[in-house]
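Following: one structure in C-alpha cells, then a few remarks.
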Amino acid sequence: MRILVTGATGYIGGRLAPRLLDQGYDVRAMTRDPARLRGVPWAARAQVVQADARDPASLPAAMSGVDVAYYLIHSIDAGGDFSAVDRQAASAFAAAARSAGVRRIVYLGGLSPAGGEEGLSAHLSSRQEVARILLDSGVPTIVLRAAVIIGSGSASFEMLRYLTERLPVMLTPRWVRTRIQPIAVRDVLYYLIGALGVPTEVNRSFDVGGPDILTYAEMMQRFAAVEGLRRRIIIPVPVLSPGLSSLWVGVVTPVPKAIAKPLVRSLRTEVVVRDGHAVRRWIPDPPDGLMPFDTAAAYALARVRERGVETRWSTAVWPTRSPTRTARRAARPKPVETTAKAAGTAEPAGTVRTAGTLSPSILGTAAGRGSVTCAPRPPGEPTFTDPHWTGGALYVDERSMPVAAPPNRLWRVIEGIGGENGWYSWPLAWSARGWLDTVLGGVGLRRGRRDPQRVRVGEALDFWRVEEIEPGRLLRLRAEMKMPGDGWLELRAAVGDDGGTVYRQRAIFLPRGLPGQLYWWAVSPFHAAVFGGMLRNIVRTAEATRVSPAATARR
C-alpha cells in the first residue's frame with residue numbers, strides 16, 4: 001500500500017511517517033521544500049516529493065499511484081486569512097485525490113462543541129470547513145477530531161508547560177474554566193494508523209479524546225503535580241480578552257502571539273468527545289488503554305528533559321505565502337561567496353569586512369582585530385537570494401579568525417550554537433533583542449532548539465531558522481525576528497591557505513525600504529560587541545578542550 005503523508009515536516013506528519021515506514025508501508029512524504037527533510041533519519045526510507053496543496057499543478061505527481069492520503073496541513077498564522085488558505089489548499093487536494101483515484105483520505109481536525117459551529121473561533125471553524133470539503137470530495141474520508149494534543153514539542157503542551165512553570169500565581173481569563181478532553185500524541189498516532197483498516201465505504205467524522213475531561217486550570221494544576229511543583233494559585237479575571245490573553249501567552253511561553261491568539265480563542269469553546277466514542281466500532285482502544293493526562297504529561301516532560309523531542313511545533317512552516325511567490329524566491333540565485341582577503345594571502349587574525357551598495361561613509365567603520373573595508377558589488381552581481389524589493393542594497397558584516405583546533409572541533413561548537421548554549425557574546429544584548437521581538441509580536445528567543453548538539457534544515461533555533469547545513473562546513477540561519485528586512489547568519493569551519501583551521505562568520509542584511517536602511521545604521525555600532533564577541537568566543541570554545549560550549553557562551 002502506497003501512502004502519501006502531507007505535512008511531513010510538521011509536528012504530526014514528522015512522527016506519523018516513520019511509524020508507517022516501520023510497519024512496512026510504502027510512504028511518500030510531501031513537502032513544499034524537500035531540503036527540510038535532509039538529515040531527518042527516516043527520510044532516506046521514504047520517497048520525498050515536492051508539492052504545495054495550494055498549487056493544483058504540483059499535486060498530480062504527488063498523488064500518482066497513492067492508495068491512502070493523510071491530510072495534515074493546517075495554517076494558523078493570525079497575521080493572514082488562514083481560513084481562505086485552508087479552504088484553497090483543501091479544495092485543491094480533494095480534487096487532485098479524486099482525479100488520481102486515491103481510495104482513502106485521512107484528516108486530523110479539531111473537536112466541535114455540542115451547539116454546532118455557532119460561536120466557534122475562526123481556527124476551529126476553519127477546521128470544520130476543511131473536514132466538509134474532504135468529506136464531500138467523492139473520496140472516502142475519515143476525519144479524526146481531536147482537542148488539545150499532549151506530547152513533547154506540541155504547541156499546546158509547550159504553552160501549558162511554560163505557563164505552569166513560570167507563573168506560580170496567575171490572573172487568568174475565563175477560558176481556563178472551559179472543559180477540554182486532551183489526548184496524548186501517542187494515541188493520536190494510533191488512531192491515524194488505525195484508520196488504514198477502516199472499510200472504504202465509511203465516510204464520516206469521529207471524535208477522539210483521552211480518558212480525562214479537565215478544565216485548563218485543572219490541567220495546569222495536574223502538570224504542576226507531575227513536575228513536582230507547588231500547587232499554582234489561579235485567580236480568574238473576567239476582563240481579560242482573548243487578545244490580551246494571547247499577548248500574555250506570547251510573553252510567558254515560546255508560542256508567539258500569531259499562533260497563541262487562535263489557540264486561545266479556541267480554548268473558549270468546550271471541546272469534549274460527544275459521539276459516544278463511535279470510533280471504537282472501527283478502531284478499538286490501544287491494548288493498554290488510552291493514556292491518561294498525567295501519564296501523557298509525564299512522558300512528554302521526560303522527553304524534553306532527555307533531549308529526545310522527536311518533532312516540535314516550531315518546525316512547521318505555516319502556508320500563508322502564495323505558492324507563486326515561494327517558487328519565485330526558490331528560483332533566485334544562491335548566495336554569492338565573498339572573501340575578506342586577497343588571493344594568495346594569509347588570513348589575518350580577526351578580519352572584518354562590511355560590504356554593500358551604499359558608501360563607506362554611510363556604513364562607517366566596525367571595530368575589531370583587523371581591517372574594515374566597504375565596497376559596492378560589481379554591476380550585475382546577484383545579491384543574497386536577490387529579493388525583488390531590495391533595490392540592490394546588501395549589507396554584510398564579515399569576520400574571520402584562525403583557530404588552533406581541528407575543523408571538526410570547531411564544527412561541533414558551530415552546530416551547537418543557540419538554545420541553552422547561547423550565542424557566545426553579550427547575553428544582555430541578545431536577551432534584550434529577544435524581549436523586543438516578543439513585544440512586537442515575534443517569536444523571541446524562547447523557542448530554543450530541539451537537540452542540544454544536532455540541527456536539521458528547517459528547524460527553529462531561537463529566533464532563527466536553519467536554512468542550510470553543509471556538515472562540517474557551513475551552518476546558515478535565516479532570521480525570523482521582527483525587523484524591516486531579511487537577515488541571515490552564516491557560520492563556517494574552513495581551511496586556510498596555510499592548512500590551518502579558520503572560522504568565518506557573516507551577518508547579512510537585506511533592507512526593506514528606508515526603515516530597513518535606518519535599522520541597519522542604528523544597530524551597526526553594536527556589531528563589534530555582538531558579532532566580534534561571538535567570533536572570539538566561538539574560537540576560544542573550539543580551542544578549549546576542557547571547557548563546555550555553554551560555559552564559554554556565557555562570557
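Identifiers in the C-alpha cells: chain A, B, ... in order shown; residue index from 1 per chain; ligand index from 1 in order shown.
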Using only C-alpha atoms, what table do you get, as a Markdown table, when you list each residue of stretch 144-200 of chain A with an atom no more than 12 Å from stretch 447-456 of chain A, its nearest pair of atoms, and their distance in Å rounded to one decimal, rows by chain then rising number?
| residue | atom | partner | partner_atom | distance |
| --- | --- | --- | --- | --- |
| A:Ser152 | CA | A:Arg450 | CA | 10.2 |
| A:Gly153 | CA | A:Arg450 | CA | 8.3 |
| A:Ser154 | CA | A:Arg447 | CA | 11.8 |
| A:Ala155 | CA | A:Arg447 | CA | 10.6 |
| A:Glu158 | CA | A:Arg447 | CA | 9.6 |
| A:Met159 | CA | A:Arg447 | CA | 11.3 |
| A:Tyr162 | CA | A:Arg447 | CA | 11.3 |
How would the residues just picked look written out with all heavy atoms as a PDB file, in the first residue's frame?
ATOM      1  N   SER A 152       5.519  15.927  23.793  1.00  0.00           N
ATOM      2  CA  SER A 152       6.700  16.784  23.800  1.00  0.00           C
ATOM      3  C   SER A 152       6.803  17.537  22.488  1.00  0.00           C
ATOM      4  O   SER A 152       6.689  16.957  21.413  1.00  0.00           O
ATOM      5  CB  SER A 152       7.966  15.951  24.030  1.00  0.00           C
ATOM      6  OG  SER A 152       8.135  14.997  22.992  1.00  0.00           O
ATOM      7  N   GLY A 153       6.971  18.846  22.578  1.00  0.00           N
ATOM      8  CA  GLY A 153       7.145  19.648  21.383  1.00  0.00           C
ATOM      9  C   GLY A 153       5.880  20.196  20.768  1.00  0.00           C
ATOM     10  O   GLY A 153       5.954  21.028  19.866  1.00  0.00           O
ATOM     11  N   SER A 154       4.684  19.773  21.223  1.00  0.00           N
ATOM     12  CA  SER A 154       3.457  20.323  20.651  1.00  0.00           C
ATOM     13  C   SER A 154       3.240  21.740  21.174  1.00  0.00           C
ATOM     14  O   SER A 154       3.633  22.073  22.293  1.00  0.00           O
ATOM     15  CB  SER A 154       2.246  19.450  20.980  1.00  0.00           C
ATOM     16  OG  SER A 154       1.819  19.645  22.311  1.00  0.00           O
ATOM     17  N   ALA A 155       2.591  22.575  20.367  1.00  0.00           N
ATOM     18  CA  ALA A 155       2.341  23.959  20.789  1.00  0.00           C
ATOM     19  C   ALA A 155       1.480  23.994  22.041  1.00  0.00           C
ATOM     20  O   ALA A 155       1.717  24.791  22.956  1.00  0.00           O
ATOM     21  CB  ALA A 155       1.681  24.737  19.655  1.00  0.00           C
ATOM     22  N   GLU A 158       3.668  22.957  25.056  1.00  0.00           N
ATOM     23  CA  GLU A 158       4.636  23.994  25.414  1.00  0.00           C
ATOM     24  C   GLU A 158       3.950  25.176  26.097  1.00  0.00           C
ATOM     25  O   GLU A 158       4.472  25.745  27.050  1.00  0.00           O
ATOM     26  CB  GLU A 158       5.378  24.470  24.161  1.00  0.00           C
ATOM     27  CG  GLU A 158       6.319  23.437  23.567  1.00  0.00           C
ATOM     28  CD  GLU A 158       7.467  23.111  24.500  1.00  0.00           C
ATOM     29  OE1 GLU A 158       8.368  23.947  24.659  1.00  0.00           O
ATOM     30  OE2 GLU A 158       7.445  22.019  25.095  1.00  0.00           O
ATOM     31  N   MET A 159       2.772  25.533  25.607  1.00  0.00           N
ATOM     32  CA  MET A 159       2.028  26.623  26.225  1.00  0.00           C
ATOM     33  C   MET A 159       1.650  26.262  27.661  1.00  0.00           C
ATOM     34  O   MET A 159       1.840  27.045  28.592  1.00  0.00           O
ATOM     35  CB  MET A 159       0.774  26.918  25.400  1.00  0.00           C
ATOM     36  CG  MET A 159       0.099  28.218  25.730  1.00  0.00           C
ATOM     37  SD  MET A 159      -1.141  28.668  24.482  1.00  0.00           S
ATOM     38  CE  MET A 159      -2.586  27.900  25.183  1.00  0.00           C
ATOM     39  N   TYR A 162       5.012  26.063  29.996  1.00  0.00           N
ATOM     40  CA  TYR A 162       5.647  27.320  30.368  1.00  0.00           C
ATOM     41  C   TYR A 162       4.755  28.162  31.263  1.00  0.00           C
ATOM     42  O   TYR A 162       5.237  28.827  32.182  1.00  0.00           O
ATOM     43  CB  TYR A 162       6.051  28.102  29.110  1.00  0.00           C
ATOM     44  CG  TYR A 162       7.384  27.664  28.557  1.00  0.00           C
ATOM     45  CD1 TYR A 162       7.485  26.575  27.707  1.00  0.00           C
ATOM     46  CD2 TYR A 162       8.561  28.328  28.905  1.00  0.00           C
ATOM     47  CE1 TYR A 162       8.707  26.153  27.211  1.00  0.00           C
ATOM     48  CE2 TYR A 162       9.786  27.933  28.403  1.00  0.00           C
ATOM     49  CZ  TYR A 162       9.855  26.831  27.555  1.00  0.00           C
ATOM     50  OH  TYR A 162      11.068  26.419  27.067  1.00  0.00           O
TER      51      TYR A 162
END
How would you write, as an mmCIF file with C-alpha atoms, in the first residue's frame, the set of residues in stretch 205-305 of chain A that DSSP gives as strand (DSSP E or B)?
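File out.cif, as written:
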data_model
loop_
_atom_site.group_PDB
_atom_site.id
_atom_site.type_symbol
_atom_site.label_atom_id
_atom_site.label_comp_id
_atom_site.auth_asym_id
_atom_site.auth_seq_id
_atom_site.Cartn_x
_atom_site.Cartn_y
_atom_site.Cartn_z
ATOM 1 C CA SER A 205 -16.011 12.156 11.254
ATOM 2 C CA PHE A 206 -15.008 10.600 14.572
ATOM 3 C CA ASP A 207 -14.301 12.369 17.853
ATOM 4 C CA LEU A 214 -10.445 18.655 32.530
ATOM 5 C CA THR A 215 -10.521 22.418 32.604
ATOM 6 C CA ILE A 233 -2.589 29.939 42.604
ATOM 7 C CA ILE A 234 -5.067 30.640 39.810
ATOM 8 C CA ILE A 235 -7.276 33.714 40.086
ATOM 9 C CA PRO A 236 -9.836 34.108 37.278
ATOM 10 C CA VAL A 271 -14.408 20.567 23.287
#
Checklist line | Neighbour list for stretch 490-499 of chain A as a VMD selection string, cut-off 7 Å, only C-alpha atoms, skip fewer than 6 positions in-chain | finding: chain A and resid 346 to 347 407 410 to 411 414 472 to 477 505 to 507
Just-selected residues, N, CA, C and O atoms written as a short mmCIF file (atom, residue, chain, number, x, y, z; two decimals), in the first residue's frame:
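The resulting result22.cif:
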data_model
loop_
_atom_site.label_atom_id
_atom_site.label_comp_id
_atom_site.auth_asym_id
_atom_site.auth_seq_id
_atom_site.Cartn_x
_atom_site.Cartn_y
_atom_site.Cartn_z
N ALA A 346 47.67 35.23 3.48
CA ALA A 346 47.25 34.53 4.70
C ALA A 346 46.06 35.24 5.32
O ALA A 346 45.89 36.43 5.18
N GLU A 347 45.24 34.47 6.02
CA GLU A 347 44.06 35.03 6.68
C GLU A 347 44.49 35.81 7.91
O GLU A 347 45.05 35.26 8.84
N PRO A 407 39.16 21.31 12.36
CA PRO A 407 37.84 21.78 11.89
C PRO A 407 36.66 21.07 12.53
O PRO A 407 35.62 21.68 12.76
N LEU A 410 35.78 22.70 15.78
CA LEU A 410 35.10 23.97 15.54
C LEU A 410 33.66 23.73 15.09
O LEU A 410 32.73 24.44 15.52
N TRP A 411 33.46 22.73 14.25
CA TRP A 411 32.12 22.46 13.75
C TRP A 411 31.17 22.06 14.88
O TRP A 411 29.99 22.44 14.89
N ILE A 414 29.95 25.21 16.33
CA ILE A 414 29.04 25.91 15.42
C ILE A 414 27.67 25.24 15.43
O ILE A 414 26.64 25.91 15.57
N GLY A 472 29.99 19.80 8.73
CA GLY A 472 31.42 20.03 8.90
C GLY A 472 31.91 21.32 8.31
O GLY A 472 33.07 21.71 8.53
N ARG A 473 31.04 22.06 7.56
CA ARG A 473 31.50 23.26 6.86
C ARG A 473 30.65 24.50 7.12
O ARG A 473 31.17 25.55 7.47
N LEU A 474 29.33 24.39 6.93
CA LEU A 474 28.50 25.60 6.91
C LEU A 474 27.20 25.39 7.66
O LEU A 474 26.52 24.37 7.49
N LEU A 475 26.84 26.39 8.47
CA LEU A 475 25.52 26.49 9.07
C LEU A 475 24.97 27.86 8.71
O LEU A 475 25.58 28.88 9.06
N ARG A 476 23.87 27.90 7.96
CA ARG A 476 23.26 29.17 7.60
C ARG A 476 21.91 29.29 8.27
O ARG A 476 21.06 28.41 8.15
N LEU A 477 21.69 30.38 8.99
CA LEU A 477 20.45 30.64 9.71
C LEU A 477 19.74 31.82 9.08
O LEU A 477 20.38 32.82 8.75
N GLN A 505 32.60 34.04 9.65
CA GLN A 505 31.27 34.40 10.15
C GLN A 505 30.73 35.57 9.33
O GLN A 505 31.43 36.57 9.13
N ARG A 506 29.51 35.44 8.83
CA ARG A 506 28.90 36.53 8.06
C ARG A 506 27.49 36.80 8.58
O ARG A 506 26.69 35.88 8.74
N ALA A 507 27.22 38.07 8.84
CA ALA A 507 25.86 38.52 9.09
C ALA A 507 25.43 39.32 7.87
O ALA A 507 26.11 40.27 7.48
#
Next item on the list: Report the residues of stretch 68-131 of chain A whose backbone DSSP state falls under helix (DSSP H, G or I), written as JSON, numbers by chain.
Entry: {"A": [82, 83, 84, 85, 86, 87, 88, 89, 90, 91, 92, 93, 94, 95, 96, 97, 98, 99, 100, 122, 123, 124, 125, 126, 127, 128, 129, 130, 131]}
Next item on the list: Measuring atom to atom with only C-alpha atoms, identify which of A:Gln128, A:Gln23, A:Thr311, A:Thr541 is nearest to A:Tyr11.
Entry: A:Thr311
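Counting only C-alpha atoms, stretch 478-485 of chain A has the following residues at most 8 Å away, ignoring those fewer than 5 positions along the same chain: Asp437, Leu440, Gly441, Gly442, Val443, Gly444, Phe463, Trp464, Arg465, Val466, Glu467, Phe509, Leu510, Pro511, Arg512, Gly513, Pro515, Gly516 and Tyr519 of chain A.
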Note to self: Please report the interatomic distance between atom CA of A:Gly210 and atom CA of A:Pro292 in Å with one decimal.
What the structure shows: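 Atom CA of A:Pro292 lies at a distance of 6.3 Å from atom CA of A:Gly210.
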Notebook entry, point to check: Which neighbours of A:Gly533 fall inside 8 Å, counting only C-alpha atoms, when residues of the same chain fewer than 6 positions from it are skipped, and could you give them as a VMD selection string?
Noted result: chain A and resid 424 to 426
Checklist line | Residue nearest A:Glu218 among A:Trp42, A:Trp521, A:Tyr191, A:Phe293 (counting only C-alpha atoms) | finding: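 Once distances to A:Glu218 are computed over only C-alpha atoms, the minimum belongs to A:Phe293.
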Checklist line | Who sits within 12 Å of A:Val539, only C-alpha atoms, same chain under 3 positions skipped, as a PyMOL selection string | finding: chain A and resi 349-350+399-407+409-414+424-425+491-493+501-505+532-536+542-545+547+549+552-553
Now that the selection is made, can you save its residues with N, CA, C and O atoms as a short mmCIF file (atom, residue, chain, number, x, y, z; two decimals), in the first residue's frame?
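What ended up in part21.cif:
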data_model
loop_
_atom_site.label_atom_id
_atom_site.label_comp_id
_atom_site.auth_asym_id
_atom_site.auth_seq_id
_atom_site.Cartn_x
_atom_site.Cartn_y
_atom_site.Cartn_z
N ALA A 349 44.29 37.74 11.50
CA ALA A 349 43.50 37.46 12.70
C ALA A 349 42.40 38.48 12.84
O ALA A 349 42.63 39.67 12.84
N GLY A 350 41.17 37.98 12.99
CA GLY A 350 40.05 38.86 13.27
C GLY A 350 39.67 39.75 12.11
O GLY A 350 39.26 40.89 12.32
N ARG A 399 33.51 38.49 9.31
CA ARG A 399 34.66 38.39 10.22
C ARG A 399 35.26 37.00 10.11
O ARG A 399 34.56 36.03 9.81
N SER A 400 36.53 36.90 10.41
CA SER A 400 37.18 35.60 10.39
C SER A 400 38.34 35.61 11.35
O SER A 400 38.89 36.66 11.71
N MET A 401 38.74 34.40 11.79
CA MET A 401 39.84 34.27 12.75
C MET A 401 40.40 32.86 12.67
O MET A 401 39.64 31.88 12.56
N PRO A 402 41.73 32.72 12.71
CA PRO A 402 42.31 31.38 12.73
C PRO A 402 42.00 30.68 14.04
O PRO A 402 41.82 31.32 15.08
N VAL A 403 41.93 29.36 13.99
CA VAL A 403 41.55 28.56 15.15
C VAL A 403 42.62 27.51 15.39
O VAL A 403 42.95 26.73 14.47
N ALA A 404 43.14 27.46 16.60
CA ALA A 404 44.14 26.46 16.95
C ALA A 404 43.44 25.18 17.39
O ALA A 404 43.57 24.71 18.53
N ALA A 405 42.65 24.61 16.49
CA ALA A 405 41.90 23.38 16.75
C ALA A 405 41.50 22.80 15.40
O ALA A 405 41.40 23.52 14.41
N PRO A 406 41.27 21.50 15.33
CA PRO A 406 40.87 20.90 14.05
C PRO A 406 39.48 21.36 13.65
O PRO A 406 38.66 21.74 14.49
N PRO A 407 39.16 21.31 12.36
CA PRO A 407 37.84 21.78 11.89
C PRO A 407 36.66 21.07 12.53
O PRO A 407 35.62 21.68 12.76
N ARG A 409 36.33 19.99 15.54
CA ARG A 409 36.04 20.53 16.87
C ARG A 409 35.34 21.88 16.75
O ARG A 409 34.41 22.19 17.48
N LEU A 410 35.78 22.70 15.78
CA LEU A 410 35.10 23.97 15.54
C LEU A 410 33.66 23.73 15.09
O LEU A 410 32.73 24.44 15.52
N TRP A 411 33.46 22.73 14.25
CA TRP A 411 32.12 22.46 13.75
C TRP A 411 31.17 22.06 14.88
O TRP A 411 29.99 22.44 14.89
N ARG A 412 31.66 21.31 15.86
CA ARG A 412 30.80 20.93 16.98
C ARG A 412 30.29 22.16 17.71
O ARG A 412 29.14 22.20 18.16
N VAL A 413 31.12 23.17 17.86
CA VAL A 413 30.70 24.41 18.50
C VAL A 413 29.68 25.14 17.63
O VAL A 413 28.66 25.64 18.12
N ILE A 414 29.95 25.21 16.33
CA ILE A 414 29.04 25.91 15.42
C ILE A 414 27.67 25.24 15.43
O ILE A 414 26.64 25.91 15.57
N TYR A 424 27.23 33.15 22.41
CA TYR A 424 28.67 33.39 22.53
C TYR A 424 29.05 34.87 22.56
O TYR A 424 30.19 35.20 22.22
N SER A 425 28.13 35.75 22.92
CA SER A 425 28.50 37.15 23.05
C SER A 425 27.41 37.91 23.77
O SER A 425 26.23 37.62 23.59
N LEU A 491 27.85 30.68 9.58
CA LEU A 491 28.98 30.25 10.39
C LEU A 491 29.69 29.13 9.63
O LEU A 491 29.07 28.13 9.26
N ARG A 492 30.99 29.30 9.42
CA ARG A 492 31.75 28.34 8.60
C ARG A 492 32.99 27.85 9.33
O ARG A 492 33.69 28.63 9.99
N ALA A 493 33.25 26.57 9.15
CA ALA A 493 34.53 25.98 9.53
C ALA A 493 35.30 25.74 8.23
O ALA A 493 34.86 24.95 7.39
N THR A 501 42.97 25.75 10.49
CA THR A 501 41.52 25.95 10.59
C THR A 501 41.21 27.44 10.69
O THR A 501 41.89 28.20 11.38
N VAL A 502 40.17 27.86 9.99
CA VAL A 502 39.72 29.25 10.02
C VAL A 502 38.22 29.26 10.30
O VAL A 502 37.46 28.50 9.71
N TYR A 503 37.81 30.11 11.25
CA TYR A 503 36.39 30.33 11.50
C TYR A 503 35.95 31.57 10.75
O TYR A 503 36.53 32.65 10.91
N ARG A 504 34.92 31.44 9.90
CA ARG A 504 34.40 32.57 9.14
C ARG A 504 32.94 32.79 9.50
O ARG A 504 32.16 31.84 9.58
N GLN A 505 32.60 34.04 9.65
CA GLN A 505 31.27 34.40 10.15
C GLN A 505 30.73 35.57 9.33
O GLN A 505 31.43 36.57 9.13
N GLY A 532 31.65 40.60 17.03
CA GLY A 532 33.05 40.42 17.39
C GLY A 532 33.21 39.50 18.58
O GLY A 532 34.09 38.62 18.60
N GLY A 533 32.35 39.68 19.59
CA GLY A 533 32.39 38.79 20.75
C GLY A 533 32.04 37.36 20.38
O GLY A 533 32.65 36.40 20.87
N MET A 534 31.08 37.19 19.49
CA MET A 534 30.72 35.85 19.02
C MET A 534 31.91 35.19 18.34
O MET A 534 32.22 34.01 18.61
N LEU A 535 32.59 35.93 17.48
CA LEU A 535 33.76 35.40 16.79
C LEU A 535 34.80 34.89 17.78
O LEU A 535 35.27 33.75 17.70
N ARG A 536 35.15 35.74 18.73
CA ARG A 536 36.22 35.39 19.67
C ARG A 536 35.83 34.22 20.57
O ARG A 536 36.63 33.31 20.80
N ALA A 542 36.21 26.42 20.75
CA ALA A 542 36.77 25.34 19.93
C ALA A 542 38.18 24.98 20.37
O ALA A 542 38.58 23.82 20.29
N GLU A 543 38.93 25.97 20.81
CA GLU A 543 40.32 25.74 21.21
C GLU A 543 40.43 25.15 22.61
O GLU A 543 41.45 24.53 22.94
N ALA A 544 39.41 25.36 23.44
CA ALA A 544 39.47 24.90 24.84
C ALA A 544 38.95 23.47 24.91
O ALA A 544 37.76 23.22 24.79
N THR A 545 39.84 22.54 25.12
CA THR A 545 39.44 21.14 25.10
C THR A 545 38.65 20.73 26.33
O THR A 545 37.92 19.76 26.30
N VAL A 547 36.62 22.95 28.21
CA VAL A 547 35.58 23.92 28.55
C VAL A 547 34.35 23.61 27.73
O VAL A 547 34.42 23.43 26.52
N PRO A 549 30.79 24.20 25.76
CA PRO A 549 30.27 25.33 24.99
C PRO A 549 29.41 26.26 25.81
O PRO A 549 29.46 27.47 25.66
N THR A 552 31.54 28.85 27.93
CA THR A 552 32.14 29.95 27.18
C THR A 552 31.09 30.87 26.60
O THR A 552 31.29 32.06 26.48
N ALA A 553 29.93 30.33 26.24
CA ALA A 553 28.87 31.14 25.64
C ALA A 553 28.39 32.21 26.59
O ALA A 553 27.91 33.26 26.18
#
Note to self: Given only C-alpha atoms as the basis, pick out the residue of A:Asp81, A:Ile105, A:Glu468, A:Val176 nearest to A:Asp67.
What the structure shows: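 Of the candidates, the smallest distance to A:Asp67 is held by A:Ile105.
Distances to A:Pro471 were evaluated for A:Tyr70, A:Pro34, A:Asn408, A:Val523 using only C-alpha atoms, and the minimum falls at A:Asn408.
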Checklist line | Shell around A:Leu445 at 8 Å using only C-alpha atoms, local window under 4 positions removed, as a list in words | finding: Pro254, Ser431, Gly434, Trp435, Asp462 and Phe463 of chain A
Expected file contents, prior selection, C-alpha atoms, as a compact mmCIF listing (two decimals), in the first residue's frame:
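Just written: out13.txt:
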# COMPACT_ATOMS: atom_id res chain seq x y z
CA PRO A 254 7.70 30.16 23.44
CA SER A 431 18.09 38.90 25.68
CA GLY A 434 14.55 38.69 22.18
CA TRP A 435 12.28 40.62 24.52
CA ASP A 462 15.62 30.64 18.93
CA PHE A 463 14.57 33.46 16.60
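Using only C-alpha atoms, the nearest neighbour of A:Arg274 within the list A:Pro211, A:Pro41, A:Gly416, A:Pro113 is A:Pro113.
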Notebook entry, point to check: What is the distance between atom CA of A:Gly289 and atom CA of A:Gly194, in Å to one decimal?
Noted result: 14.4 Å
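The shortest atom-to-atom distance to A:Val66, with only C-alpha atoms taken into account, belongs to A:Ser99 out of A:Ser91, A:Ser121, A:Thr9, A:Ser99.
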